[in-house]
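Student: Sharing coords.cif (mmCIF, C-alpha atoms and all ligand atoms) below.
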data_model
loop_
_atom_site.label_atom_id
_atom_site.label_comp_id
_atom_site.auth_asym_id
_atom_site.auth_seq_id
_atom_site.Cartn_x
_atom_site.Cartn_y
_atom_site.Cartn_z
CA GLU A 1 103.51 96.19 53.33
CA ARG A 2 101.07 98.67 51.80
CA LEU A 3 98.09 96.36 52.35
CA LEU A 4 98.93 95.91 56.02
CA THR A 5 99.30 99.67 56.44
CA GLU A 6 95.76 99.89 55.04
CA ASP A 7 94.35 97.11 57.28
CA SER A 8 96.57 95.50 59.90
CA THR A 9 93.96 92.79 60.64
CA LEU A 10 94.41 91.22 57.20
CA HIS A 11 95.46 87.59 56.98
CA LEU A 12 98.27 87.46 54.41
CA CYS A 13 99.67 84.34 52.83
CA LEU A 14 102.96 84.73 50.94
CA ALA A 15 103.19 81.99 48.35
CA CYS A 16 106.85 81.70 47.33
CA ARG A 17 109.27 79.20 45.80
CA ASN A 18 112.24 80.29 47.92
CA MET A 19 111.37 79.83 51.59
CA GLN A 20 114.43 81.72 52.84
CA ARG A 21 113.35 84.81 50.92
CA ALA A 22 109.77 84.23 52.05
CA GLU A 23 110.90 84.09 55.69
CA ALA A 24 112.89 87.32 55.24
CA ALA A 25 109.82 89.04 53.72
CA ARG A 26 107.65 87.79 56.59
CA SER A 27 110.16 89.07 59.20
CA ALA A 28 110.27 92.48 57.51
CA LEU A 29 106.46 92.68 57.56
CA LEU A 30 106.33 91.65 61.21
CA THR A 31 108.90 94.30 62.11
CA SER A 32 106.66 97.08 60.79
CA HIS A 33 103.38 95.34 61.76
CA PRO A 34 104.11 93.17 64.85
CA ASP A 35 100.49 91.95 65.23
CA ALA A 36 100.02 91.03 61.59
CA HIS A 37 98.94 87.54 60.50
CA VAL A 38 101.45 86.48 57.89
CA GLN A 39 101.65 82.87 56.78
CA LEU A 40 104.03 81.28 54.28
CA LEU A 41 103.27 78.73 51.62
CA HIS A 42 105.66 76.93 49.32
CA LEU A 43 104.65 77.46 45.70
CA ASP A 44 106.63 77.12 42.50
CA VAL A 45 104.08 78.52 40.09
CA GLY A 46 106.09 77.11 37.17
CA SER A 47 105.50 73.52 38.31
CA VAL A 48 102.13 71.83 37.87
CA GLN A 49 102.69 69.47 40.84
CA SER A 50 103.69 72.36 43.10
CA VAL A 51 100.61 74.42 42.15
CA LEU A 52 98.29 71.47 42.87
CA SER A 53 99.95 70.76 46.25
CA ALA A 54 99.95 74.44 47.25
CA ALA A 55 96.28 74.84 46.30
CA GLN A 56 95.45 71.77 48.40
CA GLU A 57 97.27 73.33 51.35
CA VAL A 58 95.38 76.63 50.91
CA LYS A 59 92.09 74.70 50.95
CA THR A 60 92.98 73.07 54.27
CA ARG A 61 94.14 76.37 55.81
CA TYR A 62 91.44 78.80 54.65
CA SER A 63 87.70 78.72 54.02
CA LYS A 64 87.73 81.66 51.57
CA VAL A 65 90.13 83.86 49.63
CA ASP A 66 89.28 87.55 49.16
CA PHE A 67 92.28 88.63 47.05
CA LEU A 68 94.66 86.59 44.95
CA TYR A 69 97.62 88.64 43.71
CA LEU A 70 99.28 86.88 40.77
CA ASN A 71 102.60 88.69 40.79
CA ALA A 72 105.26 86.04 40.11
CA GLY A 73 106.86 86.53 36.72
CA ILE A 74 110.10 85.89 34.87
CA MET A 75 112.03 87.30 31.92
CA PRO A 76 114.89 84.84 31.34
CA ASN A 77 118.07 85.80 29.48
CA PRO A 78 116.94 89.22 28.23
CA GLN A 79 118.88 90.80 25.38
CA VAL A 80 118.67 94.54 24.60
CA ASP A 81 118.81 95.55 20.96
CA ILE A 82 121.12 98.57 21.21
CA ASN A 83 120.69 99.52 17.54
CA ALA A 84 116.91 99.58 17.92
CA PHE A 85 117.33 101.69 21.08
CA PHE A 86 119.35 104.40 19.29
CA LYS A 87 117.06 104.30 16.24
CA GLY A 88 114.03 104.65 18.53
CA LEU A 89 115.67 107.49 20.46
CA PHE A 90 115.54 109.71 17.38
CA SER A 91 112.14 108.59 16.15
CA ARG A 92 108.60 109.81 16.81
CA ASN A 93 108.03 106.59 18.76
CA VAL A 94 110.52 107.50 21.49
CA VAL A 95 108.04 108.03 24.36
CA ASN A 96 106.25 104.76 23.59
CA MET A 97 109.62 102.99 23.39
CA PHE A 98 110.51 104.06 26.93
CA ALA A 99 107.02 103.26 28.22
CA THR A 100 106.74 99.76 26.76
CA GLY A 101 110.24 98.67 25.74
CA GLU A 102 108.65 97.70 22.40
CA GLY A 103 111.15 96.29 19.91
CA LEU A 104 114.05 96.52 22.38
CA LEU A 105 113.99 93.19 24.18
CA THR A 106 114.20 89.54 23.25
CA GLN A 107 114.52 86.54 25.58
CA GLN A 108 115.63 82.93 25.41
CA ASP A 109 113.02 80.54 26.76
CA ARG A 110 113.30 76.80 27.51
CA ILE A 111 111.09 73.79 28.17
CA ASN A 112 110.41 72.93 31.83
CA SER A 113 110.00 69.50 33.44
CA ASP A 114 106.25 69.51 32.64
CA GLY A 115 107.09 69.91 28.94
CA LEU A 116 105.79 73.50 28.88
CA GLN A 117 107.61 76.66 27.83
CA GLU A 118 108.97 78.09 31.07
CA VAL A 119 107.84 81.70 30.60
CA PHE A 120 104.32 80.65 29.60
CA ALA A 121 104.18 78.17 32.51
CA THR A 122 105.35 80.73 35.09
CA ASN A 123 103.75 83.94 33.90
CA LEU A 124 100.41 82.49 32.82
CA PHE A 125 99.58 78.80 33.06
CA GLY A 126 100.61 78.21 36.70
CA HIS A 127 98.46 81.15 37.79
CA PHE A 128 95.57 79.88 35.68
CA LEU A 129 95.81 76.42 37.27
CA LEU A 130 95.94 78.00 40.73
CA ILE A 131 92.74 79.96 40.05
CA ARG A 132 91.04 76.80 38.74
CA GLU A 133 92.08 74.86 41.85
CA LEU A 134 91.00 77.64 44.22
CA GLU A 135 87.63 78.21 42.57
CA PRO A 136 85.78 76.70 45.56
CA LEU A 137 87.34 79.39 47.80
CA LEU A 138 87.09 82.20 45.25
CA CYS A 139 83.57 81.60 43.96
CA GLN A 140 81.24 81.50 46.94
CA ALA A 141 77.59 82.53 47.10
CA GLY A 142 77.10 86.02 48.53
CA HIS A 143 80.84 86.76 48.57
CA SER A 144 82.94 88.58 46.00
CA SER A 145 86.62 87.81 45.46
CA ARG A 146 89.36 89.38 43.38
CA VAL A 147 92.19 88.17 41.22
CA VAL A 148 94.85 90.73 40.28
CA TRP A 149 97.39 89.98 37.53
CA THR A 150 100.70 91.81 37.40
CA SER A 151 100.93 92.30 33.66
CA SER A 152 103.06 94.78 31.76
CA SER A 153 102.87 97.59 29.22
CA ASN A 154 105.27 95.33 27.28
CA ALA A 155 102.27 93.03 26.53
CA ARG A 156 101.68 93.27 22.78
CA ARG A 157 99.11 91.61 20.54
CA SER A 158 101.64 91.12 17.72
CA ALA A 159 103.94 89.12 20.04
CA PHE A 160 101.17 86.58 20.69
CA SER A 161 99.98 83.86 18.34
CA MET A 162 96.97 81.67 19.11
CA GLU A 163 98.56 78.83 17.09
CA ASP A 164 101.64 79.06 19.33
CA MET A 165 100.20 80.28 22.65
CA GLN A 166 103.27 79.00 24.57
CA HIS A 167 105.53 81.02 22.23
CA ARG A 168 107.69 78.00 21.38
CA ASN A 169 108.89 79.60 18.17
CA GLY A 170 109.31 83.31 18.93
CA THR A 171 111.82 85.51 20.73
CA GLU A 172 109.40 87.55 22.87
CA PRO A 173 107.92 85.02 25.30
CA TYR A 174 107.58 87.69 28.01
CA SER A 175 105.47 90.04 25.89
CA SER A 176 103.42 87.09 24.63
CA SER A 177 102.74 85.72 28.12
CA LYS A 178 101.70 89.15 29.43
CA TYR A 179 99.35 89.70 26.48
CA ALA A 180 97.87 86.27 27.16
CA SER A 181 97.30 87.20 30.82
CA ASP A 182 95.47 90.37 29.71
CA MET A 183 93.19 88.26 27.49
CA LEU A 184 92.68 85.64 30.18
CA SER A 185 91.61 88.31 32.67
CA VAL A 186 88.94 89.53 30.23
CA ALA A 187 87.72 85.94 29.69
CA LEU A 188 87.70 85.21 33.43
CA ASN A 189 85.44 88.20 34.01
CA ARG A 190 83.04 86.95 31.36
CA HIS A 191 82.91 83.45 32.84
CA LYS A 192 83.17 84.15 36.56
CA ASN A 193 81.67 87.55 37.44
CA SER A 194 78.28 85.87 37.92
CA GLN A 195 79.94 83.61 40.53
CA GLY A 196 81.44 86.58 42.39
CA LEU A 197 84.99 86.40 40.96
CA PHE A 198 86.43 89.62 39.48
CA SER A 199 89.74 89.76 37.62
CA SER A 200 91.91 92.84 36.97
CA VAL A 201 95.22 93.59 35.32
CA ILE A 202 97.87 96.06 36.40
CA CYS A 203 101.24 97.30 35.13
CA PRO A 204 103.71 98.47 37.80
CA GLY A 205 105.72 100.57 35.31
CA LEU A 206 109.50 100.23 35.02
CA VAL A 207 110.70 99.24 38.51
CA MET A 208 114.23 98.50 39.72
CA THR A 209 114.03 94.85 40.79
CA ASN A 210 115.86 91.58 40.13
CA LEU A 211 114.00 91.46 36.81
CA THR A 212 115.45 94.77 35.58
CA TYR A 213 118.89 93.92 37.07
CA GLY A 214 118.77 90.89 34.76
CA ILE A 215 118.43 93.25 31.77
CA LEU A 216 121.23 95.64 32.70
CA PRO A 217 123.53 95.43 35.76
CA SER A 218 122.41 97.36 38.85
CA PHE A 219 125.45 99.70 38.78
CA PHE A 220 124.46 100.75 35.23
CA TRP A 221 120.89 101.54 36.30
CA THR A 222 122.31 103.58 39.23
CA LEU A 223 124.60 105.41 36.81
CA ILE A 224 121.75 106.39 34.48
CA MET A 225 119.27 107.22 37.30
CA PRO A 226 119.39 111.01 36.54
CA ILE A 227 118.46 110.22 32.89
CA MET A 228 115.59 108.06 34.11
CA TRP A 229 114.23 110.83 36.34
CA LEU A 230 114.35 113.04 33.26
CA VAL A 231 112.54 110.42 31.13
CA ARG A 232 109.88 110.16 33.85
CA ILE A 233 108.78 113.72 33.03
CA PHE A 234 107.72 112.52 29.57
CA THR A 235 106.27 109.03 30.26
CA ASN A 236 105.28 108.83 33.99
CA THR A 237 105.79 105.04 33.60
CA PHE A 238 109.26 105.07 35.19
CA THR A 239 107.96 104.36 38.69
CA LEU A 240 111.41 103.02 39.57
CA THR A 241 110.80 101.87 43.19
CA PRO A 242 108.75 98.84 44.29
CA TYR A 243 106.71 101.16 46.54
CA ASN A 244 105.68 103.32 43.55
CA GLY A 245 105.22 100.24 41.35
CA ALA A 246 102.74 98.80 43.86
CA GLU A 247 100.48 101.87 43.52
CA ALA A 248 97.95 100.17 41.22
CA LEU A 249 97.92 96.98 43.35
CA HIS A 250 97.12 99.13 46.37
CA ARG A 251 94.51 101.19 44.51
CA LEU A 252 92.65 98.08 43.31
CA PHE A 253 92.54 96.77 46.87
CA LEU A 254 90.54 99.87 47.86
CA GLN A 255 88.22 99.87 44.84
CA SER A 256 84.90 97.96 44.81
CA PRO A 257 84.79 95.14 42.19
CA GLU A 258 81.70 96.64 40.52
CA SER A 259 83.55 99.89 39.81
CA LEU A 260 86.39 98.12 37.94
CA ASP A 261 86.64 98.16 34.16
CA PRO A 262 87.28 94.54 33.03
CA ARG A 263 88.88 95.73 29.77
CA ALA A 264 91.27 98.23 31.38
CA LYS A 265 94.85 97.80 32.49
CA TYR A 266 95.52 99.77 35.67
CA HIS A 267 98.92 101.48 35.40
CA SER A 268 101.03 102.61 38.36
CA LEU A 269 102.42 105.99 37.33
CA THR A 270 104.80 108.48 38.93
CA SER A 271 104.90 112.08 37.78
CA GLY A 272 108.08 114.10 37.22
CA LEU A 273 107.53 115.60 40.67
CA GLY A 274 107.29 112.15 42.25
CA THR A 275 103.51 111.93 42.77
CA ASN A 276 102.06 108.40 42.50
CA TYR A 277 98.74 107.70 40.88
CA THR A 278 96.84 104.95 39.04
CA GLN A 279 95.42 105.33 35.58
CA PRO A 280 93.19 102.81 33.74
CA ARG A 281 94.00 102.43 30.03
CA GLN A 282 91.95 100.36 27.58
CA MET A 283 93.59 97.10 26.46
CA ASP A 284 93.84 96.02 22.84
CA ILE A 285 91.77 92.83 23.32
CA ASP A 286 89.42 90.95 21.07
CA GLU A 287 86.62 89.19 23.02
CA GLU A 288 86.50 86.27 20.59
CA MET A 289 90.25 85.71 20.82
CA SER A 290 90.13 85.77 24.62
CA GLU A 291 87.39 83.13 24.49
CA VAL A 292 89.51 80.89 22.24
CA LEU A 293 92.49 81.29 24.62
CA TYR A 294 90.30 80.36 27.59
CA SER A 295 89.13 77.16 25.85
CA LYS A 296 92.69 76.26 24.84
CA LEU A 297 93.90 76.70 28.42
CA ILE A 298 91.12 74.44 29.72
CA GLU A 299 92.20 71.82 27.14
CA LEU A 300 95.85 72.15 28.13
CA GLU A 301 94.87 71.83 31.79
CA LYS A 302 93.14 68.49 31.08
CA ASP A 303 96.17 67.31 29.15
CA VAL A 304 98.62 68.33 31.85
CA ARG A 305 96.56 66.65 34.58
CA ARG A 306 96.35 63.46 32.52
CA LYS A 307 100.12 63.41 32.03
CA LEU A 308 100.72 64.05 35.73
CA VAL A 309 98.52 61.12 36.75
CA MET A 310 100.44 58.87 34.33
CA LYS A 311 103.80 60.17 35.61
CA ASN A 312 102.82 59.57 39.25
CA SER A 313 101.45 56.07 38.56
CA ASP A 314 104.68 55.24 36.67
CA LYS A 315 106.68 56.39 39.71
CA ASN A 316 104.55 54.24 42.05
CA THR A 317 104.90 51.08 39.98
CA ARG A 318 108.67 51.59 39.67
CA GLY A 319 109.38 52.58 43.25
N1 LIG B 1 110.32 95.30 37.16
C1 LIG B 1 109.62 95.83 36.17
O1 LIG B 1 110.02 96.85 35.58
C2 LIG B 1 108.33 95.21 35.77
C3 LIG B 1 107.85 94.04 36.32
N2 LIG B 1 106.64 93.54 35.93
C4 LIG B 1 106.11 92.31 36.52
O2 LIG B 1 106.11 92.43 37.93
C5 LIG B 1 106.12 91.13 38.51
C6 LIG B 1 107.15 91.11 39.62
O3 LIG B 1 108.42 91.23 39.01
P1 LIG B 1 109.63 92.04 39.66
O4 LIG B 1 109.38 92.27 41.10
O5 LIG B 1 109.94 93.17 38.79
O6 LIG B 1 110.79 90.97 39.42
P2 LIG B 1 111.59 90.08 40.45
O7 LIG B 1 112.38 89.14 39.61
O8 LIG B 1 112.28 90.91 41.44
O9 LIG B 1 110.43 89.31 41.20
C7 LIG B 1 109.76 88.26 40.62
C8 LIG B 1 109.12 87.48 41.74
O10 LIG B 1 108.44 86.35 41.18
C9 LIG B 1 108.87 85.20 41.87
N3 LIG B 1 108.85 84.03 41.01
C10 LIG B 1 109.43 83.88 39.80
N4 LIG B 1 109.23 82.65 39.34
C11 LIG B 1 108.49 82.00 40.28
C12 LIG B 1 107.97 80.68 40.40
N5 LIG B 1 108.18 79.77 39.45
N6 LIG B 1 107.26 80.37 41.50
C13 LIG B 1 107.05 81.28 42.47
N7 LIG B 1 107.54 82.53 42.43
C14 LIG B 1 108.25 82.87 41.35
C15 LIG B 1 110.29 85.51 42.31
O11 LIG B 1 110.67 84.63 43.32
P3 LIG B 1 112.23 84.42 43.76
O12 LIG B 1 112.45 85.44 44.80
O13 LIG B 1 112.25 83.03 44.26
O14 LIG B 1 113.04 84.63 42.53
C16 LIG B 1 110.15 86.94 42.73
O15 LIG B 1 109.62 87.04 44.02
C17 LIG B 1 106.41 90.16 37.37
O16 LIG B 1 105.21 89.55 36.97
C18 LIG B 1 106.94 91.06 36.26
O17 LIG B 1 106.70 90.54 34.98
C19 LIG B 1 105.87 94.18 35.02
C20 LIG B 1 106.28 95.34 34.46
C21 LIG B 1 107.56 95.94 34.77
C1 LIG B 2 119.29 105.34 28.98
C2 LIG B 2 118.14 104.39 29.03
C3 LIG B 2 117.26 104.59 30.18
C4 LIG B 2 118.65 102.99 28.76
C5 LIG B 2 117.63 101.86 28.98
C6 LIG B 2 117.10 101.27 27.73
C7 LIG B 2 116.26 99.99 27.89
C8 LIG B 2 117.12 98.87 28.46
C9 LIG B 2 114.98 100.23 28.71
C10 LIG B 2 114.12 101.33 28.07
C11 LIG B 2 112.67 101.00 28.40
C12 LIG B 2 112.78 99.86 29.40
C13 LIG B 2 111.60 99.01 29.70
C14 LIG B 2 111.75 97.70 30.11
C15 LIG B 2 113.11 97.07 30.15
C16 LIG B 2 114.28 98.02 29.96
C17 LIG B 2 113.99 99.07 28.89
C18 LIG B 2 113.75 98.34 27.56
C19 LIG B 2 110.55 96.79 30.37
C20 LIG B 2 110.29 96.02 29.09
C21 LIG B 2 110.84 95.80 31.52
C22 LIG B 2 109.72 94.88 31.80
C23 LIG B 2 108.36 95.42 31.61
O1 LIG B 2 107.43 94.69 31.95
C24 LIG B 2 108.10 96.73 30.95
C25 LIG B 2 106.94 97.49 31.56
C26 LIG B 2 109.34 97.61 30.82
C27 LIG B 2 109.10 98.77 29.83
C28 LIG B 2 110.27 99.70 29.72
#
In structure tokens, what does this structure look like?
Ligand SMILES: NC(=O)C1=CN([C@@H]2O[C@H](COP(=O)(O)OP(=O)(O)OC[C@H]3O[C@@H](n4cnc5c(N)ncnc54)[C@H](OP(=O)(O)O)[C@@H]3O)[C@@H](O)[C@H]2O)C=CC1
Ligand SMILES: CC(C)CCC[C@@H](C)[C@H]1CC[C@H]2C3=C(CC[C@]12C)[C@@]1(C)CCC(=O)[C@@H](C)[C@@H]1CC3
Tutor:
Amino acid sequence: ERLLTEDSTLHLCLACRNMQRAEAARSALLTSHPDAHVQLLHLDVGSVQSVLSAAQEVKTRYSKVDFLYLNAGIMPNPQVDINAFFKGLFSRNVVNMFATGEGLLTQQDRINSDGLQEVFATNLFGHFLLIRELEPLLCQAGHSSRVVWTSSSNARRSAFSMEDMQHRNGTEPYSSSKYASDMLSVALNRHKNSQGLFSSVICPGLVMTNLTYGILPSFFWTLIMPIMWLVRIFTNTFTLTPYNGAEALHRLFLQSPESLDPRAKYHSLTSGLGTNYTQPRQMDIDEEMSEVLYSKLIELEKDVRRKLVMKNSDKNTRG
């Protein structure tokens, strides 16, 4: 919506797993921008086969991609640690606790049909595979393109382990996957800037969406809204509405790739008085670690492709 308000001649492609919701989003966009070009594409970013098929479809439909917004993300079965919340409330760490949710949330992950951890597959690997598949459209001579990751201030180095990059053994797969996306963005810049591809990371702040309604019921969030407006005075990270949360996505659209800081996370912020702005903050990233992650993802990609070929040939011989 905000991009079309900026430039109504844009060609948008909404890549979604639920086509009914996608159609509803398209209709809403066409109501406010009747002449807009909005196409739909089926994509389940948590499924290797779906990513490969969707990328193939993009390559037949378009000759180049200027912006790729990697926004899909999940936080399955979140649990709030109430004790930690009250402890944190009376500690010196209280502002940081509200800004990042650090130490308050755990999730239960599971293995998907590709044999990958679902949160890792959805929040990181599917997007990575999509970029790899779309490289011919993203990396073109004389043309610069942009990849924008919706990360989170919940991303934390200590939640991530290189020996367990899928977070099979921990209880914070969300934080781990978001930290991995921050590192991957840094590595992508190192490898792809020379080919015209620029990657950035944003955090929308705490926004009321299906994700947050999975943490606490919507009526509870509505009930504590006055408290949240109060908290906003101290953190500015409680953006609360999707419009405010999209501030950094919108800002990056207007900024030239050369002016972006590859090691910064761009935060959507809303002041106590309701003013929206974007602020870059340095990420806690080690270049060497990001390089190792990049290599491990390339290895996993090879492995996953090999398995898919075997699975498909098995299907053909049987059926
Ligand atoms: N809300 C918040 O406070 C914060 C959110 N974020 C991040 O913002 C992003 C958007 O989340 P938000 O809008 O809050 O949450 P929602 O759950 O409302 O939206 C998530 C979106 O991702 C889509 N999605 C999830 N899994 C897949 C998949 N496998 N394939 C394709 N699409 C998929 C969902 O599709 P469907 O409609 O089919 O479910 C939905 O459109 C996420 O990356 C999240 O981590 C970051 C910081 C804070
Ligand atoms: C009275 C209080 C407002 C009660 C809410 C307490 C917690 C449930 C929230 C406090 C900070 C929140 C938060 C997130 C989830 C809900 C809280 C822990 C996130 C982790 C949600 C997803 C993200 O990506 C982060 C940016 C959020 C950070 C703050």
Student: Name all residues at most 8 Å from A:Val80 (count only C-alpha atoms; drop same-chain ones fewer than 4 positions away) and give them as a PyMOL selection string.
Tutor: chain A and resi 104-106+215
Student: Expressed in Å to a single decimal, how great is the separation between atom CA of A:Ser177 and atom CA of A:Ser91?
Tutor: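 Between these atoms lies a distance of 27.5 Å.
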Student: Tell me, as an mmCIF file with C-alpha atoms, in the frame of the given file, which residues lie within 12 Å of stretch 300-305 of chain A, counting only C-alpha atoms; anything in the same chain fewer than 2 positions away does not count.
Tutor:
data_model
loop_
_atom_site.group_PDB
_atom_site.id
_atom_site.type_symbol
_atom_site.label_atom_id
_atom_site.label_comp_id
_atom_site.auth_asym_id
_atom_site.auth_seq_id
_atom_site.Cartn_x
_atom_site.Cartn_y
_atom_site.Cartn_z
ATOM 1 C CA SER A 47 105.500 73.520 38.310
ATOM 2 C CA VAL A 48 102.130 71.830 37.870
ATOM 3 C CA GLN A 49 102.690 69.470 40.840
ATOM 4 C CA VAL A 51 100.610 74.420 42.150
ATOM 5 C CA LEU A 52 98.290 71.470 42.870
ATOM 6 C CA SER A 113 110.000 69.500 33.440
ATOM 7 C CA ASP A 114 106.250 69.510 32.640
ATOM 8 C CA GLY A 115 107.090 69.910 28.940
ATOM 9 C CA LEU A 116 105.790 73.500 28.880
ATOM 10 C CA ALA A 121 104.180 78.170 32.510
ATOM 11 C CA PHE A 125 99.580 78.800 33.060
ATOM 12 C CA GLY A 126 100.610 78.210 36.700
ATOM 13 C CA HIS A 127 98.460 81.150 37.790
ATOM 14 C CA PHE A 128 95.570 79.880 35.680
ATOM 15 C CA LEU A 129 95.810 76.420 37.270
ATOM 16 C CA LEU A 130 95.940 78.000 40.730
ATOM 17 C CA ILE A 131 92.740 79.960 40.050
ATOM 18 C CA ARG A 132 91.040 76.800 38.740
ATOM 19 C CA GLU A 133 92.080 74.860 41.850
ATOM 20 C CA MET A 165 100.200 80.280 22.650
ATOM 21 C CA GLN A 166 103.270 79.000 24.570
ATOM 22 C CA LEU A 293 92.490 81.290 24.620
ATOM 23 C CA TYR A 294 90.300 80.360 27.590
ATOM 24 C CA SER A 295 89.130 77.160 25.850
ATOM 25 C CA LYS A 296 92.690 76.260 24.840
ATOM 26 C CA LEU A 297 93.900 76.700 28.420
ATOM 27 C CA ILE A 298 91.120 74.440 29.720
ATOM 28 C CA LYS A 307 100.120 63.410 32.030
ATOM 29 C CA LEU A 308 100.720 64.050 35.730
ATOM 30 C CA VAL A 309 98.520 61.120 36.750
ATOM 31 C CA MET A 310 100.440 58.870 34.330
ATOM 32 C CA LYS A 311 103.800 60.170 35.610
ATOM 33 C CA ASN A 312 102.820 59.570 39.250
#
Student: Separation of atom N6 of ligand LIG 1 (chain B) and atom CA of A:Leu4, in Å?
Tutor: 22.8 Å
Student: Return the single residue from A:Leu10, A:Ala99, A:Cys16, A:Met283 that is closest to A:Ala54, with distances computed using only C-alpha atoms.
Tutor: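 Using only C-alpha atoms, the shortest distance to A:Ala54 belongs to A:Cys16.
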Student: Would you compute the distance between atom CA of A:Ala15 and atom CA of A:Gly101? Give it in Å to one decimal.
Tutor: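 Value for the atom CA of A:Ala15-atom CA of A:Gly101 distance: 29.0 Å.
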Student: Measuring atom to atom with only C-alpha atoms and all ligand atoms, identify which of A:Ala248, A:Leu197, A:Val95, A:Val119 is nearest to ligand LIG 2 (chain B).
Tutor: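 Closest to ligand LIG 2 (chain B), using only C-alpha atoms and all ligand atoms: A:Val95.
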Student: Select the residues contacting ligand LIG 1 (chain B) at a distance of at most 6 Å, based on only C-alpha atoms and all ligand atoms, then format the selection as a list in words.
Tutor: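 Using only C-alpha atoms and all ligand atoms, I find these residues within 6 Å of ligand LIG 1 (chain B): Cys16, Arg17, Asn18, Leu43, Asp44, Val45, Gly46, Asn71, Ala72, Gly73, Ile74, Thr122, Thr150, Ser151, Ser152, Cys203, Pro204, Gly205, Leu206, Val207, Met208, Thr209, Asn210, Leu211 and Thr212 of chain A.
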Student: For A:Val38, list every protein, DNA or RNA residue within 8 Å, evaluated using only C-alpha atoms, and leave out those in the same chain fewer than 3 positions away; present the list as a PDB file with C-alpha atoms, keeping the file's coordinate frame.
Tutor:
ATOM      1  CA  HIS A  11      95.460  87.590  56.980  1.00  0.00           C
ATOM      2  CA  LEU A  12      98.270  87.460  54.410  1.00  0.00           C
ATOM      3  CA  CYS A  13      99.670  84.340  52.830  1.00  0.00           C
ATOM      4  CA  LEU A  14     102.960  84.730  50.940  1.00  0.00           C
ATOM      5  CA  ARG A  26     107.650  87.790  56.590  1.00  0.00           C
ATOM      6  CA  LEU A  29     106.460  92.680  57.560  1.00  0.00           C
ATOM      7  CA  LEU A  30     106.330  91.650  61.210  1.00  0.00           C
TER       8      LEU A  30
END
Student: Which one of A:Ala159, A:Ile227, A:Leu252, A:Val292 sits closest to ligand LIG 2 (chain B) if you count all atoms listed in the file?
Tutor: A:Ile227
Student: Which centre and edge lengths in Å to one decimal define the box along x, y and z that fits every listed atom of stretch 110-125 of chain A plus 3 Å per side, as AutoDock Vina command-line options?
Tutor:
--center_x 106.4 --center_y 76.7 --center_z 31.3 --size_x 19.7 --size_y 20.4 --size_z 13.6
Student: Using all atoms listed in the file, which of the listed residues (A:Leu124, A:Ile111, A:Leu273, A:Ala36) sits closest to A:Tyr174?
Tutor: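 Answer, going by the shortest atom-to-atom distance: A:Leu124.
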Student: Need to verify the contact set: stretch 261-263 of chain A, 8 Å, all atoms listed in the file, exclusion of same-chain residues closer than 6 positions in sequence. Can you return it as a VMD selection string?
Tutor: chain A and resid 185 to 186 189 199 to 200 282 to 283 285
Student: May I have the residues from that selection written out with C-alpha atoms, as a compact mmCIF listing (two decimals), in the frame of the given file?
Tutor:
# COMPACT_ATOMS: atom_id res chain seq x y z
CA SER A 185 91.61 88.31 32.67
CA VAL A 186 88.94 89.53 30.23
CA ASN A 189 85.44 88.20 34.01
CA SER A 199 89.74 89.76 37.62
CA SER A 200 91.91 92.84 36.97
CA GLN A 282 91.95 100.36 27.58
CA MET A 283 93.59 97.10 26.46
CA ILE A 285 91.77 92.83 23.32
Student: Quick one: residues within 12 Å of A:Gly142, all atoms listed in the file, excluding same-chain residues fewer than 6 positions away - as a PyMOL selection string?
Tutor: chain A and resi 64+194-197
Student: Pick from A:Leu216, A:Leu41, A:Met183, A:Val148: nearest to ligand LIG 2 (chain B), with all atoms listed in the file counted?
Tutor: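 Closest candidate: A:Leu216.
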Student: Hey, which of A:Thr100, A:Asn123, A:Thr171, A:Thr9 ends up closest to ligand LIG 2 (chain B)? Count only C-alpha atoms and all ligand atoms.
Tutor: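 Closest candidate: A:Thr100.
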Student: Pull stretch 105-122 of chain A out of the block and emit C-alpha atoms, as a short mmCIF file (atom, residue, chain, number, x, y, z; two decimals), in the first residue's frame.
Tutor:
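The resulting file, selection_13.cif, is shown below:
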data_model
loop_
_atom_site.label_atom_id
_atom_site.label_comp_id
_atom_site.auth_asym_id
_atom_site.auth_seq_id
_atom_site.Cartn_x
_atom_site.Cartn_y
_atom_site.Cartn_z
CA LEU A 105 9.69 -16.07 24.83
CA THR A 106 10.27 -19.68 23.89
CA GLN A 107 8.73 -21.62 21.00
CA GLN A 108 8.13 -25.22 20.00
CA ASP A 109 9.47 -26.03 16.56
CA ARG A 110 8.98 -29.16 14.41
CA ILE A 111 10.46 -30.88 11.37
CA ASN A 112 8.80 -30.15 8.01
CA SER A 113 8.30 -32.49 5.04
CA ASP A 114 11.76 -31.55 3.66
CA GLY A 115 13.33 -32.75 6.92
CA LEU A 116 14.23 -29.19 7.96
CA GLN A 117 13.28 -27.35 11.15
CA GLU A 118 10.15 -25.40 10.22
CA VAL A 119 11.17 -22.02 11.66
CA PHE A 120 14.61 -22.16 10.04
CA ALA A 121 13.06 -23.30 6.73
CA THR A 122 10.43 -20.53 6.70
#
